[in-house]
>>> print(open('protein-v4.txt').read())   # compact mmCIF, C-alpha atoms
# COMPACT_ATOMS: atom_id res chain seq x y z
CA MET O 1 -52.43 -84.77 96.63
CA ALA O 2 -53.39 -86.75 93.53
CA PRO O 3 -54.61 -90.34 94.07
CA LEU O 4 -51.76 -92.85 93.81
CA ASN O 5 -53.24 -94.70 90.83
CA GLN O 6 -53.77 -91.39 88.99
CA THR O 7 -50.20 -90.29 89.58
CA ARG O 8 -48.88 -93.68 88.46
CA LYS O 9 -51.05 -93.55 85.34
CA ALA O 10 -49.80 -90.08 84.45
CA SER O 11 -46.16 -91.07 85.00
CA GLN O 12 -46.49 -94.22 82.90
CA GLN O 13 -48.24 -92.32 80.12
CA ALA O 14 -45.57 -89.62 80.09
CA ALA O 15 -42.76 -92.17 80.10
CA SER O 16 -44.20 -94.13 77.19
CA GLY O 17 -45.31 -91.31 74.92
CA ASP O 18 -43.12 -88.26 75.54
CA THR O 19 -41.27 -88.31 72.24
CA ASP O 20 -44.35 -89.14 70.17
CA ILE O 21 -46.47 -86.41 71.78
CA ALA O 22 -43.76 -83.81 71.25
CA SER O 23 -43.14 -84.76 67.62
CA ARG O 24 -46.85 -84.74 66.73
CA LEU O 25 -47.34 -81.43 68.50
CA LEU O 26 -44.39 -79.87 66.66
CA ALA O 27 -45.69 -81.15 63.31
CA TRP O 28 -49.06 -79.56 64.09
CA TYR O 29 -47.35 -76.31 65.10
CA ASP O 30 -45.39 -76.22 61.84
CA ALA O 31 -48.68 -76.22 59.94
CA HIS O 32 -50.99 -74.27 62.26
CA HIS O 33 -48.91 -71.85 64.36
CA ARG O 34 -50.25 -68.36 65.05
CA ASP O 35 -48.49 -65.45 63.35
CA LEU O 36 -47.51 -63.10 66.17
CA PRO O 37 -45.37 -59.95 65.89
CA TRP O 38 -42.76 -61.17 68.38
CA ARG O 39 -42.54 -64.71 67.06
CA VAL O 40 -40.08 -66.39 64.70
CA ALA O 41 -42.19 -68.77 62.62
CA PRO O 42 -41.03 -72.41 62.49
CA GLY O 43 -40.07 -72.15 58.82
CA ALA O 44 -37.80 -69.19 59.54
CA PHE O 45 -36.40 -70.98 62.59
CA ALA O 46 -35.51 -73.96 60.40
CA ARG O 47 -33.59 -71.55 58.13
CA GLY O 48 -31.52 -70.36 61.06
CA VAL O 49 -33.45 -67.24 62.11
CA ARG O 50 -33.49 -66.85 65.89
CA ALA O 51 -35.79 -64.86 68.12
CA ASP O 52 -34.69 -61.47 69.47
CA PRO O 53 -34.48 -61.85 73.29
CA TYR O 54 -35.62 -58.23 73.68
CA ARG O 55 -38.83 -58.84 71.73
CA VAL O 56 -39.48 -62.15 73.48
CA TRP O 57 -38.98 -60.55 76.89
CA MET O 58 -41.19 -57.60 75.99
CA SER O 59 -44.01 -59.84 74.77
CA GLU O 60 -43.86 -62.17 77.75
CA VAL O 61 -44.02 -59.30 80.26
CA MET O 62 -46.98 -57.81 78.39
CA LEU O 63 -48.74 -61.18 78.19
CA GLN O 64 -48.69 -61.71 81.94
CA GLN O 65 -52.40 -61.74 82.87
CA THR O 66 -53.35 -60.20 79.51
CA THR O 67 -54.61 -61.72 76.25
CA VAL O 68 -52.66 -61.97 73.00
CA GLU O 69 -55.34 -59.88 71.27
CA ALA O 70 -54.96 -57.01 73.75
CA VAL O 71 -51.15 -57.10 73.68
CA GLN O 72 -50.34 -56.99 69.97
CA ALA O 73 -51.03 -53.29 69.37
CA TYR O 74 -49.15 -52.31 72.54
CA PHE O 75 -46.21 -54.49 71.54
CA ARG O 76 -45.98 -52.93 68.09
CA ASN O 77 -46.14 -49.45 69.58
CA PHE O 78 -43.40 -50.20 72.12
CA VAL O 79 -40.94 -51.73 69.67
CA GLU O 80 -41.57 -48.92 67.21
CA LYS O 81 -40.84 -46.30 69.89
CA TRP O 82 -38.02 -48.27 71.51
CA PRO O 83 -36.60 -50.90 69.10
CA THR O 84 -33.83 -52.03 71.48
CA VAL O 85 -33.46 -52.54 75.19
CA GLU O 86 -30.98 -49.65 75.26
CA ALA O 87 -33.59 -47.36 73.69
CA LEU O 88 -36.15 -48.39 76.29
CA ALA O 89 -33.63 -47.79 79.07
CA ALA O 90 -33.02 -44.28 77.72
CA ALA O 91 -36.76 -43.47 77.79
CA SER O 92 -38.31 -41.66 80.73
CA ALA O 93 -40.39 -43.67 83.17
CA GLU O 94 -43.27 -41.28 82.50
CA ASP O 95 -43.20 -41.98 78.76
CA VAL O 96 -43.14 -45.73 79.40
CA MET O 97 -46.14 -45.47 81.74
CA LYS O 98 -48.01 -43.39 79.16
CA ALA O 99 -47.37 -45.98 76.46
CA TRP O 100 -48.48 -48.74 78.85
CA ALA O 101 -51.70 -46.97 79.93
CA GLY O 102 -54.75 -49.21 79.45
CA LEU O 103 -52.81 -52.48 79.46
CA GLY O 104 -53.31 -52.94 83.21
CA TYR O 105 -51.25 -54.44 86.03
CA TYR O 106 -49.02 -51.37 86.07
CA SER O 107 -46.30 -52.85 88.24
CA ARG O 108 -45.32 -54.73 85.08
CA ALA O 109 -44.51 -51.43 83.36
CA ARG O 110 -42.39 -50.26 86.27
CA ASN O 111 -40.54 -53.58 86.29
CA LEU O 112 -40.17 -53.42 82.51
CA LYS O 113 -38.34 -50.11 82.79
CA ALA O 114 -36.22 -51.30 85.74
CA CYS O 115 -35.25 -54.46 83.86
CA ALA O 116 -34.35 -52.51 80.71
CA ASP O 117 -32.16 -50.18 82.77
CA LEU O 118 -30.27 -53.12 84.28
CA VAL O 119 -29.86 -55.06 81.02
CA ALA O 120 -28.61 -51.90 79.28
CA LEU O 121 -25.98 -51.47 82.00
CA ARG O 122 -24.89 -55.04 81.28
CA GLY O 123 -24.25 -54.26 77.64
CA GLY O 124 -27.76 -54.91 76.35
CA ARG O 125 -27.50 -58.69 76.60
CA PHE O 126 -30.09 -60.78 78.42
CA PRO O 127 -28.94 -63.80 80.44
CA ASP O 128 -29.51 -67.03 78.49
CA THR O 129 -30.44 -69.25 81.46
CA GLU O 130 -33.54 -69.45 83.64
CA ALA O 131 -31.49 -68.77 86.75
CA GLY O 132 -29.86 -65.70 85.25
CA LEU O 133 -33.15 -64.35 83.92
CA ARG O 134 -34.85 -64.71 87.29
CA GLU O 135 -32.39 -62.25 88.77
CA LEU O 136 -33.89 -59.47 86.63
CA PRO O 137 -36.77 -57.24 87.85
CA GLY O 138 -40.24 -58.49 87.00
CA ILE O 139 -39.12 -61.91 85.74
CA GLY O 140 -40.55 -64.84 87.67
CA ALA O 141 -40.40 -68.57 87.10
CA TYR O 142 -42.79 -68.69 84.14
CA THR O 143 -41.35 -65.68 82.31
CA ALA O 144 -37.78 -66.90 82.83
CA ALA O 145 -38.66 -70.31 81.40
CA ALA O 146 -40.46 -68.78 78.43
CA ILE O 147 -37.58 -66.46 77.52
CA ALA O 148 -34.99 -69.21 78.02
CA ALA O 149 -36.93 -71.59 75.76
CA ILE O 150 -38.14 -69.21 73.05
CA ALA O 151 -35.21 -66.79 72.84
CA PHE O 152 -32.34 -69.16 73.68
CA ASP O 153 -33.80 -72.58 72.78
CA GLN O 154 -33.11 -73.93 76.26
CA PRO O 155 -35.08 -77.07 77.31
CA ALA O 156 -37.20 -75.22 79.87
CA ALA O 157 -40.66 -76.26 81.05
CA VAL O 158 -42.94 -73.35 80.13
CA VAL O 159 -46.27 -73.56 81.96
CA ASP O 160 -48.89 -70.84 81.48
CA GLY O 161 -52.68 -71.08 81.77
CA ASN O 162 -53.03 -72.62 78.33
CA VAL O 163 -50.43 -75.29 79.11
CA GLU O 164 -52.06 -76.05 82.46
CA ARG O 165 -55.35 -76.68 80.70
CA VAL O 166 -53.76 -78.94 78.09
CA MET O 167 -51.88 -80.98 80.68
CA THR O 168 -54.76 -81.42 83.12
CA ARG O 169 -56.86 -82.77 80.26
CA LEU O 170 -54.12 -84.86 78.72
CA TYR O 171 -53.61 -86.69 82.02
CA SER O 172 -57.06 -86.18 83.64
CA ILE O 173 -55.51 -84.52 86.69
CA GLU O 174 -58.20 -84.49 89.37
CA THR O 175 -56.18 -82.43 91.85
CA PRO O 176 -57.47 -78.83 92.02
CA LEU O 177 -55.35 -76.59 89.85
CA SER O 178 -54.09 -74.49 92.75
CA GLU O 179 -52.49 -77.62 94.21
CA ALA O 180 -51.59 -79.41 90.99
CA LYS O 181 -49.04 -76.93 89.61
CA PRO O 182 -45.90 -78.87 90.74
CA GLN O 183 -47.31 -82.05 89.22
CA ILE O 184 -48.13 -80.28 85.96
CA ARG O 185 -44.67 -78.79 85.74
CA ALA O 186 -43.05 -82.19 86.34
CA LEU O 187 -45.10 -83.71 83.53
CA VAL O 188 -44.22 -80.88 81.15
CA GLU O 189 -40.52 -81.34 81.96
CA LYS O 190 -40.80 -84.95 80.76
CA LEU O 191 -42.39 -83.86 77.49
CA VAL O 192 -39.95 -81.09 76.53
CA PRO O 193 -37.84 -82.31 73.58
CA ARG O 194 -34.11 -81.62 73.40
CA THR O 195 -34.51 -80.24 69.89
CA ARG O 196 -36.79 -77.23 69.29
CA PRO O 197 -37.82 -76.73 72.92
CA GLY O 198 -38.78 -73.12 72.12
CA ASP O 199 -41.12 -74.18 69.33
CA PHE O 200 -42.50 -76.88 71.62
CA ALA O 201 -43.31 -74.28 74.28
CA GLN O 202 -45.08 -72.09 71.73
CA ALA O 203 -46.88 -75.11 70.28
CA MET O 204 -48.29 -75.97 73.71
CA MET O 205 -49.49 -72.38 74.15
CA ASP O 206 -51.06 -72.33 70.68
CA LEU O 207 -52.75 -75.67 71.27
CA GLY O 208 -54.38 -74.34 74.43
CA ALA O 209 -55.33 -71.05 72.80
CA THR O 210 -56.83 -72.42 69.59
CA ILE O 211 -57.81 -76.07 70.09
CA CYS O 212 -57.84 -77.03 73.77
CA THR O 213 -59.93 -73.99 74.69
CA PRO O 214 -61.73 -73.53 78.03
CA LYS O 215 -65.15 -74.03 76.44
CA ARG O 216 -66.03 -76.28 73.51
CA PRO O 217 -62.53 -77.61 72.81
CA ARG O 218 -62.03 -78.77 69.22
CA CYS O 219 -60.87 -82.23 70.21
CA MET O 220 -61.25 -83.77 66.76
CA LEU O 221 -58.55 -81.38 65.49
CA CYS O 222 -56.14 -81.99 68.36
CA PRO O 223 -52.81 -83.55 67.33
CA VAL O 224 -52.47 -85.41 70.66
CA ARG O 225 -56.09 -86.56 71.04
CA GLU O 226 -55.02 -90.22 70.93
CA ASP O 227 -53.13 -89.68 74.19
CA CYS O 228 -55.72 -87.51 75.92
CA SER O 229 -57.41 -89.29 78.79
CA ALA O 230 -59.99 -86.50 79.23
CA ILE O 231 -61.43 -87.39 75.82
CA LEU O 232 -62.04 -90.90 77.11
CA THR O 233 -64.06 -89.50 80.01
CA GLY O 234 -66.21 -87.58 77.54
CA ASP O 235 -65.96 -84.37 79.56
CA PRO O 236 -62.70 -82.50 78.84
CA GLU O 237 -64.29 -79.18 79.91
CA ARG O 238 -64.27 -80.46 83.48
CA PHE O 239 -60.51 -79.90 83.53
CA PRO O 240 -58.70 -78.16 85.05
CA VAL O 241 -60.48 -78.79 88.32
CA ARG O 242 -60.83 -75.58 90.32
CA LEU O 243 -61.81 -74.81 93.87
CA PRO O 244 -64.84 -72.51 94.27
CA LYS O 245 -63.89 -68.84 94.00
CA ASP O 246 -64.50 -66.42 96.83
CA ASP O 247 -66.67 -63.46 95.88
CA LYS O 248 -64.66 -60.30 95.27
CA PRO O 249 -65.35 -57.51 97.75
CA LEU O 250 -67.04 -54.41 96.35
CA ARG O 251 -65.42 -51.08 97.19
CA LYS O 252 -67.03 -47.69 96.67
CA GLY O 253 -65.80 -44.15 96.24
CA ALA O 254 -66.17 -40.97 94.22
CA ALA O 255 -64.19 -39.31 91.45
CA PHE O 256 -64.18 -35.64 90.48
CA VAL O 257 -63.68 -34.48 86.90
CA ALA O 258 -62.80 -30.77 86.89
CA GLU O 259 -62.90 -29.18 83.44
CA ARG O 260 -61.54 -25.79 82.39
CA ASP O 261 -63.21 -23.59 79.75
CA ASP O 262 -60.65 -24.69 77.13
CA GLY O 263 -61.43 -28.36 77.75
CA ALA O 264 -58.38 -29.07 79.93
CA ILE O 265 -58.92 -31.63 82.70
CA LEU O 266 -57.42 -31.52 86.18
CA LEU O 267 -55.19 -34.53 86.90
CA ARG O 268 -52.70 -35.73 89.46
CA LYS O 269 -50.16 -38.52 89.71
CA ARG O 270 -50.68 -41.45 92.04
CA PRO O 271 -47.91 -42.53 94.46
CA GLU O 272 -45.22 -44.69 92.84
CA LYS O 273 -45.98 -47.65 95.09
CA GLY O 274 -49.29 -49.40 95.53
CA LEU O 275 -52.32 -49.92 93.30
CA LEU O 276 -51.96 -48.13 89.93
CA GLY O 277 -48.63 -46.81 91.17
CA GLY O 278 -47.19 -43.95 89.15
CA MET O 279 -50.27 -43.64 86.95
CA THR O 280 -52.35 -40.51 86.37
CA GLU O 281 -55.86 -39.93 87.74
CA VAL O 282 -58.53 -37.33 88.41
CA PRO O 283 -59.02 -36.53 92.12
CA THR O 284 -60.87 -39.27 93.98
CA THR O 285 -61.84 -40.09 97.52
CA GLY O 286 -59.69 -42.42 99.58
CA TRP O 287 -60.85 -45.82 98.40
CA THR O 288 -58.41 -48.75 98.42
CA ALA O 289 -58.63 -52.50 97.93
CA ARG O 290 -59.53 -52.76 101.61
CA ILE O 291 -61.68 -49.72 102.43
CA ASP O 292 -64.39 -47.60 100.85
CA GLY O 293 -64.04 -43.91 100.14
CA ALA O 294 -66.67 -41.21 100.52
CA THR O 295 -69.25 -41.21 97.73
CA THR O 296 -70.78 -37.73 97.83
CA ALA O 297 -69.94 -34.32 96.34
CA GLU O 298 -69.18 -33.04 99.82
CA ALA O 299 -65.95 -35.07 99.70
CA ALA O 300 -64.61 -33.10 96.69
CA PRO O 301 -61.03 -31.78 97.01
CA PHE O 302 -62.23 -28.19 96.62
CA ALA O 303 -65.52 -26.30 96.35
CA ALA O 304 -67.20 -26.08 92.93
CA ASP O 305 -70.59 -26.61 91.34
CA TRP O 306 -70.19 -30.37 91.31
CA ARG O 307 -72.91 -32.19 89.39
CA ARG O 308 -73.39 -35.94 89.36
CA ALA O 309 -72.33 -37.42 86.00
CA GLY O 310 -73.14 -41.07 86.54
CA GLN O 311 -71.47 -44.12 87.96
CA ILE O 312 -68.84 -46.54 86.65
CA GLY O 313 -67.73 -50.00 87.71
CA HIS O 314 -64.33 -51.58 87.33
CA VAL O 315 -62.97 -54.99 88.26
CA PHE O 316 -59.47 -55.33 89.70
CA THR O 317 -57.76 -58.62 90.45
CA HIS O 318 -58.85 -58.82 94.08
CA PHE O 319 -61.82 -56.47 94.30
CA SER O 320 -64.48 -54.64 92.34
CA LEU O 321 -64.84 -50.87 92.42
CA GLU O 322 -67.89 -48.66 92.05
CA LEU O 323 -67.32 -44.92 91.66
CA GLU O 324 -69.80 -42.05 91.73
CA ILE O 325 -68.73 -39.47 89.14
CA PHE O 326 -69.00 -35.71 89.65
CA HIS O 327 -68.23 -33.05 87.05
CA ALA O 328 -67.64 -29.32 87.38
CA HIS O 329 -66.43 -26.43 85.23
CA ILE O 330 -63.90 -24.32 87.13
CA LYS O 331 -61.65 -21.31 86.60
CA ARG O 332 -58.59 -21.54 88.81
CA ASP O 333 -54.98 -22.60 88.90
CA ALA O 334 -54.24 -26.25 89.52
CA PRO O 335 -54.03 -27.02 93.26
CA ALA O 336 -50.72 -28.24 94.65
CA GLY O 337 -49.91 -31.72 93.40
CA HIS O 338 -52.27 -31.38 90.42
CA PHE O 339 -51.91 -30.20 86.83
CA TRP O 340 -54.08 -29.25 83.88
CA SER O 341 -53.94 -31.55 80.85
CA LEU O 342 -55.09 -29.92 77.62
CA ALA O 343 -57.87 -31.57 75.66
CA HIS O 344 -55.56 -32.77 72.88
CA GLU O 345 -53.11 -34.20 75.44
CA ILE O 346 -55.55 -36.31 77.48
CA SER O 347 -55.31 -39.35 75.20
CA GLY O 348 -51.55 -39.44 75.74
CA GLU O 349 -51.63 -39.29 79.54
CA ALA O 350 -50.82 -42.34 81.65
CA LEU O 351 -54.48 -42.95 82.49
CA PRO O 352 -55.42 -46.45 83.64
CA THR O 353 -58.62 -47.90 82.21
CA VAL O 354 -60.65 -47.10 85.31
CA MET O 355 -59.75 -43.40 84.97
CA LYS O 356 -60.62 -43.37 81.28
CA LYS O 357 -64.04 -44.71 82.26
CA VAL O 358 -64.41 -41.95 84.86
CA ILE O 359 -63.52 -39.15 82.43
CA GLU O 360 -65.68 -40.59 79.65
CA ALA O 361 -68.67 -40.72 82.02
CA ALA O 362 -68.30 -36.99 82.66
CA ILE O 363 -67.08 -35.84 79.22
CA PRO O 364 -67.87 -38.38 76.47
CA GLY O 365 -65.04 -38.64 73.94
CA ALA O 366 -62.54 -36.75 76.08
CA THR O 367 -59.97 -39.57 76.24
CA LYS O 368 -60.08 -40.25 72.50
CA LYS O 369 -57.27 -38.86 70.40
CA GLN O 370 -58.07 -35.34 69.26
CA PRO O 371 -56.38 -33.06 66.71
CA THR O 372 -53.86 -30.59 68.06
CA ARG O 373 -55.24 -27.10 68.27
>>> encode(input="protein-v4.txt", output="structure tokens")
Amino acid sequence: MAPLNQTRKASQQAASGDTDIASRLLAWYDAHHRDLPWRVAPGAFARGVRADPYRVWMSEVMLQQTTVEAVQAYFRNFVEKWPTVEALAAASAEDVMKAWAGLGYYSRARNLKACADLVALRGGRFPDTEAGLRELPGIGAYTAAAIAAIAFDQPAAVVDGNVERVMTRLYSIETPLSEAKPQIRALVEKLVPRTRPGDFAQAMMDLGATICTPKRPRCMLCPVREDCSAILTGDPERFPVRLPKDDKPLRKGAAFVAERDDGAILLRKRPEKGLLGGMTEVPTTGWTARIDGATTAEAAPFAADWRRAGQIGHVFTHFSLELEIFHAHIKRDAPAGHFWSLAHEISGEALPTVMKKVIEAAIPGATKKQPTR
């Protein structure tokens, strides 16, 4: 729990400066907002243009645990392929997973498709309240608040990592971040203006992303620096306070890249549930987040002249993975549960990043887009 005097200080500060902080932040956003493909700029909003709930939802799902820079190209590709929620619902799950490949956290893609299916059945209209949005697959508290605020201009408290950083510095919140989230949300709720709450939410995100950055924040350019107690301490980078992280366990295994004479690569589909569910992979040994797999050529799924092709590492949310890579040229039909993917088709398969690393280690350039033969 936060010290009593700290909590009182934060509450008094919020009560006295809510309106002023919001107005200064919105004025800064009007002048310095980021241009993003899913966003309605403040000038357009003032002219009556409103955000498309489909595009807002799509961007927010993609942005979960992923950076804006990584998302933009994926977002453009998705809305070009499927410009409406009905179009996305009509797409095959396999095509959606292929388009998502490389973006990570693949349960998001499965939930994206499930949510599109449900919204399409409801006439293509998204609920306009946080409570209604939370009933949809893949939409939690943060995403519901973001869609409600940005798409429907509801006065919702939108709290992502950027906002947490801004708030912990603004009020010098000494409570470790893992325990301070309810306090942060309560303070944001007091700041949200009744007019332009969607722009306010995006302004807070932009402030954290461009000014109130994790390292070397540009405090002299901050529109709310006069209210920021962390500036007074002289050490804003100390916030948010975090508990020490546990070391991630290291798991080991092996992966086997079988190549046919025409350049086709042997692949299989992972189970729908679990890590990388529904994605495509080369055969591997039985590693999981909890156990190691075998690491030698003797563990290959079938006999071949397997030759070691290197080693790759990959970091998942809760563990790190180290895979020994083996490569072989073979002439045979695909075993049960496997299939051959032609060289010009590999780049379009639903390969997660870890599998692209595996294939590239064995056959450099194989996962890059190639001309059709």
>>> residues_around(input="protein-v4.txt", residues="Ile173 of chain O", least_positions_apart="2", cutoff="8 Å", atoms="only C-alpha atoms", output="list of chain:residue names")
O:Ala2, O:Gln6, O:Met167, O:Thr168, O:Arg169, O:Tyr171, O:Thr175, O:Ala180, O:Phe239, O:Pro240, O:Val241
>>> closest_atom_pairs(input="protein-v4.txt", of="segment 187-259 of chain O", to="segment 285-293 of chain O", cutoff="8 Å", atoms="only C-alpha atoms", output="Markdown table")
| residue | atom | partner | partner_atom | distance |
| --- | --- | --- | --- | --- |
| O:Arg251 | CA | O:Asp292 | CA | 5.2 |
| O:Lys252 | CA | O:Asp292 | CA | 4.9 |
| O:Gly253 | CA | O:Gly293 | CA | 4.3 |
| O:Ala254 | CA | O:Thr285 | CA | 5.5 |
| O:Ala255 | CA | O:Thr285 | CA | 6.6 |
>>> atom_distance(input="protein-v4.txt", atom1="atom CA of Ala148 of chain O", atom2="atom CA of Lys190 of chain O")
17.0 Å
>>> residues_around(input="protein-v4.txt", residues="segment 358-362 of chain O", least_positions_apart="4", cutoff="9 Å", atoms="all atoms listed in the file", output="number ranges by chain")
O: 255-257, 265, 282, 308-312, 323-327, 353-354, 366-367
>>> closest_residue(input="protein-v4.txt", among="O:Val159, O:Trp57, O:Pro249, O:Ile147", to="Cys115 of chain O", atoms="only C-alpha atoms")
O:Trp57
>>> residues_around(input="protein-v4.txt", residues="Glu164 of chain O", least_positions_apart="4", cutoff="12 Å", atoms="all atoms listed in the file", output="VMD selection string")
chain O and resid 142 157 to 160 168 to 173 176 to 188 204 to 205 207 to 209 212 to 214 239 to 242
>>> closest_residue(input="protein-v4.txt", among="O:Leu191, O:Ile346, O:Ile330, O:Val96", to="Ser23 of chain O", atoms="all atoms listed in the file")
O:Leu191
>>> atom_distance(input="protein-v4.txt", atom1="atom CA of Ala101 of chain O", atom2="atom CA of Met279 of chain O")
7.9 Å
>>> axis_aligned_box(input="protein-v4.txt", around="segment 40-44 of chain O", padding_each_side="8 Å", output="AutoDock Vina command-line options")
--center_x -40.0 --center_y -69.4 --center_z 61.8 --size_x 20.4 --size_y 22.0 --size_z 21.9
>>> residues_around(input="protein-v4.txt", residues="Leu351 of chain O", least_positions_apart="3", cutoff="7 Å", atoms="only C-alpha atoms", output="PyMOL selection string")
chain O and resi 101-102+279-281+355-356
>>> write_last_selection(input="protein-v4.txt", atoms="C-alpha atoms", output="tab-separated table (two decimals), keeping the file's coordinate frame")
chain	number	residue	atom	x	y	z
O	101	ALA	CA	-51.70	-46.97	79.93
O	102	GLY	CA	-54.75	-49.21	79.45
O	279	MET	CA	-50.27	-43.64	86.95
O	280	THR	CA	-52.35	-40.51	86.37
O	281	GLU	CA	-55.86	-39.93	87.74
O	355	MET	CA	-59.75	-43.40	84.97
O	356	LYS	CA	-60.62	-43.37	81.28
>>> build_atoms(input="protein-v4.txt", residues="segment 209-216 of chain O", atoms="all heavy atoms", output="JSON list (two decimals), in the coordinates of the input")
[["chain", "number", "residue", "atom", "x", "y", "z"],
["O", 209, "ALA", "N", -54.63, -72.26, 73.21],
["O", 209, "ALA", "CA", -55.33, -71.05, 72.80],
["O", 209, "ALA", "C", -56.31, -71.28, 71.66],
["O", 209, "ALA", "O", -57.33, -70.58, 71.56],
["O", 209, "ALA", "CB", -54.32, -69.98, 72.40],
["O", 210, "THR", "N", -56.02, -72.26, 70.80],
["O", 210, "THR", "CA", -56.83, -72.42, 69.59],
["O", 210, "THR", "C", -57.60, -73.72, 69.50],
["O", 210, "THR", "O", -58.63, -73.79, 68.82],
["O", 210, "THR", "CB", -55.94, -72.30, 68.34],
["O", 210, "THR", "OG1", -54.99, -73.40, 68.31],
["O", 210, "THR", "CG2", -55.17, -70.99, 68.32],
["O", 211, "ILE", "N", -57.14, -74.76, 70.17],
["O", 211, "ILE", "CA", -57.81, -76.07, 70.09],
["O", 211, "ILE", "C", -58.34, -76.50, 71.45],
["O", 211, "ILE", "O", -59.54, -76.76, 71.62],
["O", 211, "ILE", "CB", -56.83, -77.15, 69.56],
["O", 211, "ILE", "CG1", -56.33, -76.79, 68.16],
["O", 211, "ILE", "CG2", -57.50, -78.52, 69.56],
["O", 211, "ILE", "CD1", -57.39, -76.79, 67.08],
["O", 212, "CYS", "N", -57.47, -76.55, 72.42],
["O", 212, "CYS", "CA", -57.84, -77.03, 73.77],
["O", 212, "CYS", "C", -58.35, -75.84, 74.60],
["O", 212, "CYS", "O", -57.82, -75.53, 75.66],
["O", 212, "CYS", "CB", -56.64, -77.71, 74.43],
["O", 212, "CYS", "SG", -57.06, -78.73, 75.86],
["O", 213, "THR", "N", -59.39, -75.21, 74.10],
["O", 213, "THR", "CA", -59.93, -73.99, 74.69],
["O", 213, "THR", "C", -60.75, -74.29, 75.95],
["O", 213, "THR", "O", -61.19, -75.42, 76.15],
["O", 213, "THR", "CB", -60.79, -73.25, 73.66],
["O", 213, "THR", "OG1", -61.74, -74.17, 73.11],
["O", 213, "THR", "CG2", -59.93, -72.69, 72.54],
["O", 214, "PRO", "N", -60.97, -73.27, 76.80],
["O", 214, "PRO", "CA", -61.73, -73.53, 78.03],
["O", 214, "PRO", "C", -63.12, -74.10, 77.77],
["O", 214, "PRO", "O", -63.55, -75.03, 78.45],
["O", 214, "PRO", "CB", -61.82, -72.14, 78.68],
["O", 214, "PRO", "CG", -60.62, -71.41, 78.18],
["O", 214, "PRO", "CD", -60.43, -71.89, 76.77],
["O", 215, "LYS", "N", -63.81, -73.55, 76.79],
["O", 215, "LYS", "CA", -65.15, -74.03, 76.44],
["O", 215, "LYS", "C", -65.14, -74.59, 75.02],
["O", 215, "LYS", "O", -64.45, -74.09, 74.13],
["O", 215, "LYS", "CB", -66.17, -72.88, 76.52],
["O", 215, "LYS", "CG", -66.25, -72.23, 77.89],
["O", 215, "LYS", "CD", -66.79, -73.19, 78.94],
["O", 215, "LYS", "CE", -66.94, -72.49, 80.29],
["O", 215, "LYS", "NZ", -67.39, -73.43, 81.35],
["O", 216, "ARG", "N", -65.88, -75.65, 74.82],
["O", 216, "ARG", "CA", -66.03, -76.28, 73.51],
["O", 216, "ARG", "C", -64.69, -76.53, 72.83],
["O", 216, "ARG", "O", -64.44, -76.06, 71.71],
["O", 216, "ARG", "CB", -66.92, -75.43, 72.60],
["O", 216, "ARG", "CG", -68.34, -75.27, 73.14],
["O", 216, "ARG", "CD", -69.20, -74.45, 72.19],
["O", 216, "ARG", "NE", -70.55, -74.29, 72.72],
["O", 216, "ARG", "CZ", -71.50, -73.59, 72.11],
["O", 216, "ARG", "NH1", -71.24, -72.97, 70.97],
["O", 216, "ARG", "NH2", -72.70, -73.48, 72.65]]
